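The structure appears right after this line, and notes come after that.
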Amino acid sequence: MGAIPAQRETISLATDAPAHASGGADALAQAMSAVSGHALLRTTLAGSPLAPGAARGLVRAALTEWAARDLPGSRHLTDRQTDDTLVVLSELVTNAVVHAGTDVELSCRVEPDCGSLVVEVTDHHPSRAPRENSTQPPTETPEFGRGLRIVAALSQEWGVSYRRGGKTVWARVPADEIEPYDEPGAPGLAELLAPEPQRAAGDRDWLGRGALTFLAEASDLLAGQLDEDLVAALTGQLLVPRLADWCAIWLEDEAMGRGWGDAAPGARLARVWHGSEDRIEELRRVLEKEPPHRADGMASGPEPYPWPGQSLGGRGAHGSALAYRLVAGGRPLGTLVIGRSGVQRFPDEVGGLVEDLSRRVALAIGAARQYTRQATISAVLQRGLLPGAVAEIPGVRSALVYEPCDKGGPSGDFYDVFPAGDGRWCFAVGDVQGKGPEAAVVIGLARPWLRLLAREGYRVADVLDRLNQLLLDDATEVADAAARALAGPAAPGDGPQTRFLSLLYGELVPFDGGVRCTLASAGHPLPLLLGADGDVRTVARPQTLLGVVEDETYTSESFELRPGDTLLCVTDGVTERRDGSRQFDDGDGLATALAGCTGLSAELIAERIKRLVHEFGGGLPEDDLALLVLQADQELGEAEARGERFHAP
């Protein structure tokens with residue numbers, strides 16, 4: 001006779017263990033490579049819907065290999081223990097993916113003395129703590145679902161450890177049989193997995209105790225979703241089997257669906273969910289033929305929906321279904337339909353609760369669509385701010401790395417390589433103060449003016465002089481005001497602001513045996529020149545940012561790129577990449593990295609510098625990153641040695 005396993009919560013100040021990459025055919029080998037000789041698996045999984053399945057596959061394969069190699073503790077493993085462990089693991093990984101949304105670190109080990117399996121799942125969202133059912137009111141929105149109740153049912157013990165930057169939920173599954181639910185009145189595992197709340201009297205009991213908590217949980221879960229199809233999928237899991245046997249969601253194209261009639265223009269069946277998965281496909285086929293029809297397109301209250309009995313088998317031949325219009329901001333977004341088998345009508349309490357939930361679903365879908373629209377506009381704007389292609393320069397090999405930090409908005413970094421006429425090619429790498437629409441305004445001014453001034457014959461220093469004055473003109477304030485209107489109302493006392501721009505701008509002129517380069521840096525990380533012999537030096541001097549000082553006079557430097565010489569131009573996303581208090585370029589870190597690229601092609605140099613920058617910080621980048629590599633072609637030197645003359649087109 002056993003007691004219900006207790007949850008232990010511990011506070012740990014230990015730092016995070018290093019992540020172990022996983023993926024592809026070598027995932028298991030990579031995860032186990034560092035712990036050869038011990039029954040221990042560690043790996044990191046991407047926080048996606050595929051993570052639970054990947055975790056089960058890795059652990060199942062690891063257990064098989066441990067048993068085959070007779071590792072310590074593996075002789076105690078049983079089939080029941082393996083099955084229970086995979087269920088526990090699946091629930092822990094699913095909880096981490098759904099509720100934390102971060103990458104998931106997985107650990108599984110065998111305790112040598114008794115054969116117990118210990119699984120640990122770590123996410124990086126420490127503000128969300130899993131909770132068990134409690135008679136005391138929660139201090140924060142609790143996690144939704146029954147996953148941790150399953151963990152408690154199958155584990156000898158389980159708990160949560162909190163660390164800086166993340167939390168770990170762990171469970172120990174013993175090798176011997178345990179019966180933790182033998183106490184009189186204690187719930188069995190089947191009862192834990194049964195639809196909750198139970199029908200009839202169970203509805204009223206649960207609604208009286210948990211309706212507000214359910215809505216709070218649902219709101220918390222739906223609020224952060226940025227994809228309307230994911231909102232639909234989560235809605236199905238919220239409703240089934242808790243409040244309905246099945247549900248379906250139609251999403252409507254706002255441009256086509258305002259006059260919902262018999263044809264239901266613009267509607268698509270986005271999600272069908274049933275408590276029995278083998279019924280889902282047949283139910284979908286029937287529902288696709290019976291889209292909901294509404295006379296009043298804006299009312300959100302429930303209306304009867306025809307019962308799709310033929311798709312639900314004998315037990316589902318009769319039942320009740322209700323349709324709820326999804327409306328947000330006065331716009332119809334779709335319809336939610338729920339159904340229960342074996343009842344004449346839904347209880348009023350359930351219908352009212354689902355109506356409240358449908359409003360939250362509609363708000364979440366509206367927010368997801370707004371985000372999608374903004375992301376699309378930003379992507380189009382970003383494409384318009386950058387060149388469609390990098391110009392090919394005779395006698396020069398080039399490579400580019402461009403990684404905006406914010407995928408949903410215009411970046412503050414930009415680049416350009418273009419022909420300027422008369423055998424000249426120009427290049428630019430710049431960084432605007434700020435991001436988003438305000439940065440886009442400055443880039444939208446700077447890049448076209450760079451091209452225009454260069455093609456009009458202005459030299460490097462003159463181009464910077466005129467661009468500096470342009471950024472200080474009243475026209476910039478007007479453009480800035482327009483950008484603020486796009487971004488939202490200005491804060492009190494916020495007026496037009498001049499936008500600063502750091503810029504590295506240069507001109508290339510190929511000649512027999514090399515390329516003449518003239519460039520200037522305005523508040524930008526200085527370019528580095530890697531010689532064919534491995535020597536690295538800076539080839540510009542620091543000058544003031546553009547848009548700061550009126551009537552500033554800029555100067556340029558000239559030098560020659562000989563065959564095999566490489567010019568590296570970067571933004572501060574490279575030089576100021578952080579690892580704690582250290583930066584990548586501390587102690588001439590960038591020059592050291594470039595010196596290690598001697599003899600490599602332009603493409604390989606770009607890839608190596610990018611990889612070193614990524615590895616330096618460890619985590620996600622906090623700034624945009626751009627780097628341009630220009631390398632004088634070795635063929636120039638070979639042609640010169642043969643006495644051939646170079647002719648620029």
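The way I read the labels, and the way they are meant: chains A, B, ... in the order of the structure tokens, residue 1 as the first residue of every chain, and ligand 1 as the first ligand shown, with later ones counted on from there.
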Close residues, Gly339 (chain A) itself excluded, 12 Å, only C-alpha atoms, min 6 positions apart in chain, as a PDB file with N, CA and C atoms, in the first residue's frame:
ATOM      1  N   GLY A 236      -8.974  23.486 -29.594  1.00  0.00           N
ATOM      2  CA  GLY A 236      -9.473  22.121 -29.585  1.00  0.00           C
ATOM      3  C   GLY A 236      -9.014  21.349 -28.360  1.00  0.00           C
ATOM      4  N   LEU A 239     -10.943  22.465 -25.171  1.00  0.00           N
ATOM      5  CA  LEU A 239     -12.358  22.085 -25.081  1.00  0.00           C
ATOM      6  C   LEU A 239     -12.580  20.589 -24.968  1.00  0.00           C
ATOM      7  N   VAL A 240     -11.735  19.794 -25.612  1.00  0.00           N
ATOM      8  CA  VAL A 240     -11.944  18.343 -25.670  1.00  0.00           C
ATOM      9  C   VAL A 240     -10.881  17.660 -24.823  1.00  0.00           C
ATOM     10  N   PRO A 241     -11.264  16.785 -23.872  1.00  0.00           N
ATOM     11  CA  PRO A 241     -12.631  16.332 -23.546  1.00  0.00           C
ATOM     12  C   PRO A 241     -13.259  17.083 -22.377  1.00  0.00           C
ATOM     13  N   ARG A 242     -12.656  18.164 -21.939  1.00  0.00           N
ATOM     14  CA  ARG A 242     -13.123  18.847 -20.736  1.00  0.00           C
ATOM     15  C   ARG A 242     -14.576  19.304 -20.845  1.00  0.00           C
ATOM     16  N   LEU A 243     -14.934  19.923 -21.975  1.00  0.00           N
ATOM     17  CA  LEU A 243     -16.274  20.481 -22.126  1.00  0.00           C
ATOM     18  C   LEU A 243     -17.061  19.887 -23.285  1.00  0.00           C
ATOM     19  N   ALA A 244     -16.406  19.165 -24.163  1.00  0.00           N
ATOM     20  CA  ALA A 244     -17.100  18.623 -25.331  1.00  0.00           C
ATOM     21  C   ALA A 244     -16.402  17.345 -25.779  1.00  0.00           C
ATOM     22  N   ASP A 245     -17.135  16.522 -26.557  1.00  0.00           N
ATOM     23  CA  ASP A 245     -16.537  15.312 -27.124  1.00  0.00           C
ATOM     24  C   ASP A 245     -15.735  15.628 -28.380  1.00  0.00           C
ATOM     25  N   TRP A 246     -16.156  16.665 -29.098  1.00  0.00           N
ATOM     26  CA  TRP A 246     -15.437  17.063 -30.305  1.00  0.00           C
ATOM     27  C   TRP A 246     -15.666  18.549 -30.555  1.00  0.00           C
ATOM     28  N   CYS A 247     -14.811  19.130 -31.354  1.00  0.00           N
ATOM     29  CA  CYS A 247     -14.995  20.529 -31.737  1.00  0.00           C
ATOM     30  C   CYS A 247     -14.375  20.756 -33.111  1.00  0.00           C
ATOM     31  N   ALA A 248     -14.799  21.822 -33.751  1.00  0.00           N
ATOM     32  CA  ALA A 248     -14.263  22.204 -35.066  1.00  0.00           C
ATOM     33  C   ALA A 248     -14.211  23.719 -35.135  1.00  0.00           C
ATOM     34  N   ILE A 249     -13.224  24.232 -35.852  1.00  0.00           N
ATOM     35  CA  ILE A 249     -13.080  25.680 -36.014  1.00  0.00           C
ATOM     36  C   ILE A 249     -12.927  26.005 -37.493  1.00  0.00           C
ATOM     37  N   VAL A 272     -10.112  20.214 -36.585  1.00  0.00           N
ATOM     38  CA  VAL A 272     -11.120  19.287 -36.072  1.00  0.00           C
ATOM     39  C   VAL A 272     -10.448  18.460 -34.986  1.00  0.00           C
ATOM     40  N   TRP A 273     -11.114  18.359 -33.834  1.00  0.00           N
ATOM     41  CA  TRP A 273     -10.534  17.603 -32.722  1.00  0.00           C
ATOM     42  C   TRP A 273     -11.612  16.726 -32.104  1.00  0.00           C
ATOM     43  N   HIS A 274     -11.269  15.482 -31.812  1.00  0.00           N
ATOM     44  CA  HIS A 274     -12.207  14.532 -31.205  1.00  0.00           C
ATOM     45  C   HIS A 274     -11.473  13.783 -30.107  1.00  0.00           C
ATOM     46  N   GLY A 275     -12.221  13.411 -29.053  1.00  0.00           N
ATOM     47  CA  GLY A 275     -11.611  12.663 -27.963  1.00  0.00           C
ATOM     48  C   GLY A 275     -11.051  11.333 -28.407  1.00  0.00           C
ATOM     49  N   LEU A 283     -14.892  12.606 -39.243  1.00  0.00           N
ATOM     50  CA  LEU A 283     -15.627  13.791 -38.803  1.00  0.00           C
ATOM     51  C   LEU A 283     -15.274  14.999 -39.664  1.00  0.00           C
ATOM     52  N   LEU A 287     -17.904  17.325 -41.790  1.00  0.00           N
ATOM     53  CA  LEU A 287     -18.033  18.744 -41.467  1.00  0.00           C
ATOM     54  C   LEU A 287     -17.677  19.645 -42.645  1.00  0.00           C
ATOM     55  N   PRO A 302     -24.508  31.118 -28.907  1.00  0.00           N
ATOM     56  CA  PRO A 302     -24.592  29.798 -29.554  1.00  0.00           C
ATOM     57  C   PRO A 302     -25.872  29.616 -30.357  1.00  0.00           C
ATOM     58  N   GLU A 303     -25.760  28.867 -31.434  1.00  0.00           N
ATOM     59  CA  GLU A 303     -26.905  28.465 -32.241  1.00  0.00           C
ATOM     60  C   GLU A 303     -26.783  26.978 -32.541  1.00  0.00           C
ATOM     61  N   PRO A 304     -27.894  26.287 -32.685  1.00  0.00           N
ATOM     62  CA  PRO A 304     -27.834  24.844 -32.967  1.00  0.00           C
ATOM     63  C   PRO A 304     -27.089  24.562 -34.277  1.00  0.00           C
ATOM     64  N   TYR A 305     -26.396  23.421 -34.274  1.00  0.00           N
ATOM     65  CA  TYR A 305     -25.674  22.963 -35.471  1.00  0.00           C
ATOM     66  C   TYR A 305     -26.089  21.522 -35.742  1.00  0.00           C
ATOM     67  N   PRO A 306     -26.285  21.158 -37.019  1.00  0.00           N
ATOM     68  CA  PRO A 306     -26.731  19.783 -37.339  1.00  0.00           C
ATOM     69  C   PRO A 306     -25.768  18.736 -36.778  1.00  0.00           C
ATOM     70  N   TRP A 307     -26.318  17.686 -36.167  1.00  0.00           N
ATOM     71  CA  TRP A 307     -25.487  16.653 -35.548  1.00  0.00           C
ATOM     72  C   TRP A 307     -24.921  15.715 -36.619  1.00  0.00           C
ATOM     73  N   PRO A 308     -23.571  15.595 -36.700  1.00  0.00           N
ATOM     74  CA  PRO A 308     -22.947  14.739 -37.733  1.00  0.00           C
ATOM     75  C   PRO A 308     -22.870  13.289 -37.277  1.00  0.00           C
ATOM     76  N   GLY A 309     -23.999  12.669 -36.990  1.00  0.00           N
ATOM     77  CA  GLY A 309     -24.020  11.356 -36.361  1.00  0.00           C
ATOM     78  C   GLY A 309     -23.341  10.274 -37.163  1.00  0.00           C
ATOM     79  N   LEU A 312     -19.699   9.504 -36.251  1.00  0.00           N
ATOM     80  CA  LEU A 312     -19.307   9.302 -34.861  1.00  0.00           C
ATOM     81  C   LEU A 312     -19.589   7.900 -34.352  1.00  0.00           C
ATOM     82  N   GLY A 316     -22.132   7.550 -30.926  1.00  0.00           N
ATOM     83  CA  GLY A 316     -22.301   8.970 -31.215  1.00  0.00           C
ATOM     84  C   GLY A 316     -23.421   9.258 -32.184  1.00  0.00           C
ATOM     85  N   ALA A 317     -24.366   8.319 -32.306  1.00  0.00           N
ATOM     86  CA  ALA A 317     -25.448   8.507 -33.279  1.00  0.00           C
ATOM     87  C   ALA A 317     -26.328   9.692 -32.931  1.00  0.00           C
ATOM     88  N   HIS A 318     -26.437  10.004 -31.638  1.00  0.00           N
ATOM     89  CA  HIS A 318     -27.280  11.119 -31.213  1.00  0.00           C
ATOM     90  C   HIS A 318     -26.468  12.030 -30.296  1.00  0.00           C
ATOM     91  N   GLY A 319     -26.795  13.306 -30.341  1.00  0.00           N
ATOM     92  CA  GLY A 319     -26.102  14.260 -29.484  1.00  0.00           C
ATOM     93  C   GLY A 319     -26.517  15.676 -29.793  1.00  0.00           C
ATOM     94  N   SER A 320     -25.802  16.613 -29.214  1.00  0.00           N
ATOM     95  CA  SER A 320     -26.111  18.031 -29.384  1.00  0.00           C
ATOM     96  C   SER A 320     -24.860  18.776 -29.815  1.00  0.00           C
ATOM     97  N   ALA A 321     -25.016  19.738 -30.737  1.00  0.00           N
ATOM     98  CA  ALA A 321     -23.899  20.550 -31.214  1.00  0.00           C
ATOM     99  C   ALA A 321     -24.318  22.017 -31.240  1.00  0.00           C
ATOM    100  N   LEU A 322     -23.377  22.890 -30.902  1.00  0.00           N
ATOM    101  CA  LEU A 322     -23.618  24.330 -30.892  1.00  0.00           C
ATOM    102  C   LEU A 322     -22.540  25.031 -31.706  1.00  0.00           C
ATOM    103  N   ALA A 323     -22.945  26.124 -32.382  1.00  0.00           N
ATOM    104  CA  ALA A 323     -22.007  26.929 -33.174  1.00  0.00           C
ATOM    105  C   ALA A 323     -21.907  28.321 -32.557  1.00  0.00           C
ATOM    106  N   TYR A 324     -20.650  28.806 -32.423  1.00  0.00           N
ATOM    107  CA  TYR A 324     -20.382  30.127 -31.863  1.00  0.00           C
ATOM    108  C   TYR A 324     -19.634  30.958 -32.898  1.00  0.00           C
ATOM    109  N   ARG A 345     -29.263  18.375 -25.107  1.00  0.00           N
ATOM    110  CA  ARG A 345     -28.807  19.757 -25.207  1.00  0.00           C
ATOM    111  C   ARG A 345     -27.654  19.978 -24.243  1.00  0.00           C
ATOM    112  N   PHE A 346     -26.855  20.965 -24.537  1.00  0.00           N
ATOM    113  CA  PHE A 346     -25.773  21.339 -23.640  1.00  0.00           C
ATOM    114  C   PHE A 346     -26.349  22.039 -22.405  1.00  0.00           C
ATOM    115  N   PRO A 347     -25.779  21.776 -21.223  1.00  0.00           N
ATOM    116  CA  PRO A 347     -26.185  22.560 -20.048  1.00  0.00           C
ATOM    117  C   PRO A 347     -25.906  24.044 -20.293  1.00  0.00           C
ATOM    118  N   VAL A 350     -22.433  25.226 -19.334  1.00  0.00           N
ATOM    119  CA  VAL A 350     -21.373  24.894 -20.288  1.00  0.00           C
ATOM    120  C   VAL A 350     -21.441  25.815 -21.497  1.00  0.00           C
ATOM    121  N   GLY A 351     -22.666  26.024 -22.014  1.00  0.00           N
ATOM    122  CA  GLY A 351     -22.810  26.911 -23.170  1.00  0.00           C
ATOM    123  C   GLY A 351     -22.305  28.306 -22.884  1.00  0.00           C
ATOM    124  N   VAL A 354     -18.397  28.260 -22.738  1.00  0.00           N
ATOM    125  CA  VAL A 354     -17.794  28.174 -24.069  1.00  0.00           C
ATOM    126  C   VAL A 354     -17.959  29.496 -24.814  1.00  0.00           C
TER     127      VAL A 354
END
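Here CA of Ala232 (chain A) is placed at a distance of 15.9 Å from CA of Leu215 (chain A).
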Exercise. Contacts of Glu228 (chain A) at 12 Å or less, counting only C-alpha atoms, minus same-chain residues fewer than 3 places along, as a ChimeraX atom specification?
Worked result: /A:222-225,231-235,249-253,270-271,333-334,361-373
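Considering the residues A:Val97, A:Leu625, A:Leu226, A:Val173 and counting only C-alpha atoms, Val119 (chain A) has its shortest atom-to-atom contact with A:Val173.
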Problem set entry | Shell around Ala593 (chain A) at 12 Å using only C-alpha atoms, local window under 4 positions removed, as a ChimeraX atom specification | /A:528,530,534-536,568,574-575,584-589,597-598,605-613,616
For this session: Name the residues in contact with Pro448 (chain A) at a cut-off of 12 Å, using only C-alpha atoms, excluding same-chain residues fewer than 3 positions from it; report them as a VMD selection string.
Result: chain A and resid 384 to 387 415 to 416 418 428 441 to 445 451 to 455 463 467
Keeping N, CA, C and O atoms for every residue in the selection just given, could you write it to a file as a PDB file, in the first residue's frame?
ATOM      1  N   GLY A 384      12.666  45.951 -49.558  1.00  0.00           N
ATOM      2  CA  GLY A 384      12.840  47.179 -50.318  1.00  0.00           C
ATOM      3  C   GLY A 384      14.018  48.011 -49.870  1.00  0.00           C
ATOM      4  O   GLY A 384      14.514  48.854 -50.619  1.00  0.00           O
ATOM      5  N   LEU A 385      14.486  47.770 -48.633  1.00  0.00           N
ATOM      6  CA  LEU A 385      15.593  48.562 -48.103  1.00  0.00           C
ATOM      7  C   LEU A 385      16.951  47.970 -48.444  1.00  0.00           C
ATOM      8  O   LEU A 385      17.980  48.609 -48.222  1.00  0.00           O
ATOM      9  N   LEU A 386      16.973  46.752 -48.949  1.00  0.00           N
ATOM     10  CA  LEU A 386      18.234  46.081 -49.266  1.00  0.00           C
ATOM     11  C   LEU A 386      18.307  45.789 -50.756  1.00  0.00           C
ATOM     12  O   LEU A 386      17.284  45.649 -51.424  1.00  0.00           O
ATOM     13  N   PRO A 387      19.509  45.703 -51.285  1.00  0.00           N
ATOM     14  CA  PRO A 387      19.636  45.418 -52.724  1.00  0.00           C
ATOM     15  C   PRO A 387      19.127  44.026 -53.058  1.00  0.00           C
ATOM     16  O   PRO A 387      19.237  43.093 -52.251  1.00  0.00           O
ATOM     17  N   TYR A 415      23.425  47.130 -46.132  1.00  0.00           N
ATOM     18  CA  TYR A 415      24.625  46.968 -46.944  1.00  0.00           C
ATOM     19  C   TYR A 415      24.268  47.278 -48.384  1.00  0.00           C
ATOM     20  O   TYR A 415      23.099  47.307 -48.769  1.00  0.00           O
ATOM     21  N   ASP A 416      25.282  47.471 -49.197  1.00  0.00           N
ATOM     22  CA  ASP A 416      25.061  47.668 -50.632  1.00  0.00           C
ATOM     23  C   ASP A 416      26.382  47.494 -51.359  1.00  0.00           C
ATOM     24  O   ASP A 416      27.453  47.842 -50.832  1.00  0.00           O
ATOM     25  N   PHE A 418      27.450  48.115 -55.546  1.00  0.00           N
ATOM     26  CA  PHE A 418      26.834  48.511 -56.810  1.00  0.00           C
ATOM     27  C   PHE A 418      27.873  49.147 -57.741  1.00  0.00           C
ATOM     28  O   PHE A 418      28.884  49.697 -57.289  1.00  0.00           O
ATOM     29  N   ALA A 428      29.003  49.677 -49.311  1.00  0.00           N
ATOM     30  CA  ALA A 428      28.641  50.351 -48.066  1.00  0.00           C
ATOM     31  C   ALA A 428      28.136  49.330 -47.061  1.00  0.00           C
ATOM     32  O   ALA A 428      27.426  48.385 -47.418  1.00  0.00           O
ATOM     33  N   VAL A 441      13.235  54.586 -42.187  1.00  0.00           N
ATOM     34  CA  VAL A 441      13.207  55.907 -42.811  1.00  0.00           C
ATOM     35  C   VAL A 441      14.616  56.362 -43.165  1.00  0.00           C
ATOM     36  O   VAL A 441      14.877  56.860 -44.265  1.00  0.00           O
ATOM     37  N   VAL A 442      15.560  56.198 -42.235  1.00  0.00           N
ATOM     38  CA  VAL A 442      16.928  56.657 -42.471  1.00  0.00           C
ATOM     39  C   VAL A 442      17.593  55.821 -43.567  1.00  0.00           C
ATOM     40  O   VAL A 442      18.264  56.357 -44.451  1.00  0.00           O
ATOM     41  N   ILE A 443      17.403  54.501 -43.514  1.00  0.00           N
ATOM     42  CA  ILE A 443      17.986  53.659 -44.564  1.00  0.00           C
ATOM     43  C   ILE A 443      17.371  54.003 -45.910  1.00  0.00           C
ATOM     44  O   ILE A 443      18.064  54.050 -46.942  1.00  0.00           O
ATOM     45  N   GLY A 444      16.059  54.269 -45.912  1.00  0.00           N
ATOM     46  CA  GLY A 444      15.386  54.649 -47.157  1.00  0.00           C
ATOM     47  C   GLY A 444      15.913  55.943 -47.739  1.00  0.00           C
ATOM     48  O   GLY A 444      15.813  56.174 -48.956  1.00  0.00           O
ATOM     49  N   LEU A 445      16.460  56.806 -46.893  1.00  0.00           N
ATOM     50  CA  LEU A 445      17.107  58.026 -47.389  1.00  0.00           C
ATOM     51  C   LEU A 445      18.547  57.768 -47.806  1.00  0.00           C
ATOM     52  O   LEU A 445      18.995  58.216 -48.865  1.00  0.00           O
ATOM     53  N   ARG A 451      23.888  55.809 -53.785  1.00  0.00           N
ATOM     54  CA  ARG A 451      23.987  55.406 -55.191  1.00  0.00           C
ATOM     55  C   ARG A 451      23.964  56.617 -56.118  1.00  0.00           C
ATOM     56  O   ARG A 451      24.752  56.692 -57.073  1.00  0.00           O
ATOM     57  N   LEU A 452      23.071  57.559 -55.826  1.00  0.00           N
ATOM     58  CA  LEU A 452      22.953  58.735 -56.689  1.00  0.00           C
ATOM     59  C   LEU A 452      24.237  59.554 -56.687  1.00  0.00           C
ATOM     60  O   LEU A 452      24.762  59.926 -57.756  1.00  0.00           O
ATOM     61  N   LEU A 453      24.771  59.838 -55.499  1.00  0.00           N
ATOM     62  CA  LEU A 453      25.979  60.654 -55.405  1.00  0.00           C
ATOM     63  C   LEU A 453      27.173  59.944 -56.048  1.00  0.00           C
ATOM     64  O   LEU A 453      27.990  60.582 -56.727  1.00  0.00           O
ATOM     65  N   ALA A 454      27.273  58.629 -55.840  1.00  0.00           N
ATOM     66  CA  ALA A 454      28.391  57.889 -56.435  1.00  0.00           C
ATOM     67  C   ALA A 454      28.313  57.922 -57.956  1.00  0.00           C
ATOM     68  O   ALA A 454      29.323  58.130 -58.645  1.00  0.00           O
ATOM     69  N   ARG A 455      27.130  57.756 -58.511  1.00  0.00           N
ATOM     70  CA  ARG A 455      26.986  57.727 -59.973  1.00  0.00           C
ATOM     71  C   ARG A 455      27.099  59.112 -60.589  1.00  0.00           C
ATOM     72  O   ARG A 455      27.332  59.240 -61.794  1.00  0.00           O
ATOM     73  N   VAL A 463      30.853  62.214 -50.695  1.00  0.00           N
ATOM     74  CA  VAL A 463      29.581  61.523 -50.482  1.00  0.00           C
ATOM     75  C   VAL A 463      29.192  61.582 -49.004  1.00  0.00           C
ATOM     76  O   VAL A 463      28.040  61.863 -48.654  1.00  0.00           O
ATOM     77  N   LEU A 467      25.877  63.367 -47.386  1.00  0.00           N
ATOM     78  CA  LEU A 467      24.931  62.521 -46.667  1.00  0.00           C
ATOM     79  C   LEU A 467      24.760  63.004 -45.224  1.00  0.00           C
ATOM     80  O   LEU A 467      23.656  62.976 -44.670  1.00  0.00           O
TER      81      LEU A 467
END
Problem set entry | Backbone DSSP call of strand (DSSP E or B) for region 371-601 of chain A, listed as a count of residues only | 68
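Among the candidates A:Lys435, A:Ser276, A:Thr518, A:Val429, the residue lying nearest to Leu503 (chain A) is A:Val429 (atoms considered: only C-alpha atoms).
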Would you list the contacts of Gly506 (chain A) as a PDB file with N, CA and C atoms, in the first residue's frame, taking every protein, DNA or RNA residue within 6 Å and counting only C-alpha atoms, but skipping same-chain residues closer than 4 positions in sequence?
ATOM      1  N   CYS A 426      31.189  50.577 -55.911  1.00  0.00           N
ATOM      2  CA  CYS A 426      31.112  51.117 -54.551  1.00  0.00           C
ATOM      3  C   CYS A 426      30.464  50.101 -53.618  1.00  0.00           C
ATOM      4  N   PHE A 427      30.827  50.199 -52.352  1.00  0.00           N
ATOM      5  CA  PHE A 427      30.242  49.318 -51.339  1.00  0.00           C
ATOM      6  C   PHE A 427      29.971  50.130 -50.080  1.00  0.00           C
ATOM      7  N   THR A 518      39.452  52.962 -52.035  1.00  0.00           N
ATOM      8  CA  THR A 518      39.368  54.220 -51.284  1.00  0.00           C
ATOM      9  C   THR A 518      38.152  54.132 -50.383  1.00  0.00           C
ATOM     10  N   LEU A 519      38.334  54.379 -49.084  1.00  0.00           N
ATOM     11  CA  LEU A 519      37.206  54.226 -48.172  1.00  0.00           C
ATOM     12  C   LEU A 519      37.295  55.219 -47.020  1.00  0.00           C
TER      13      LEU A 519
END
Residues at most 8 Å from Leu526 (chain A), counting only C-alpha atoms, excluding those fewer than 2 positions away in the same chain, as a compact mmCIF listing (two decimals) with C-alpha atoms, in the first residue's frame?
# COMPACT_ATOMS: atom_id res chain seq x y z
CA LEU A 504 31.66 52.41 -43.85
CA SER A 521 34.55 55.20 -41.81
CA HIS A 524 31.72 52.61 -37.79
CA LEU A 528 40.51 45.10 -41.41
CA THR A 538 43.23 48.49 -39.98
CA VAL A 539 42.89 50.58 -43.15
CA ALA A 540 40.83 53.57 -42.04
CA ARG A 541 40.76 56.06 -39.22
CA PRO A 542 37.78 56.74 -36.93
CA CYS A 569 33.84 45.06 -43.10
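Reported to one decimal place, the separation of CA of Ser48 (chain A) from CA of Asp103 (chain A) is 8.0 Å.
The coordinates place CA of Arg516 (chain A) at 4.5 Å from CA of Glu560 (chain A).
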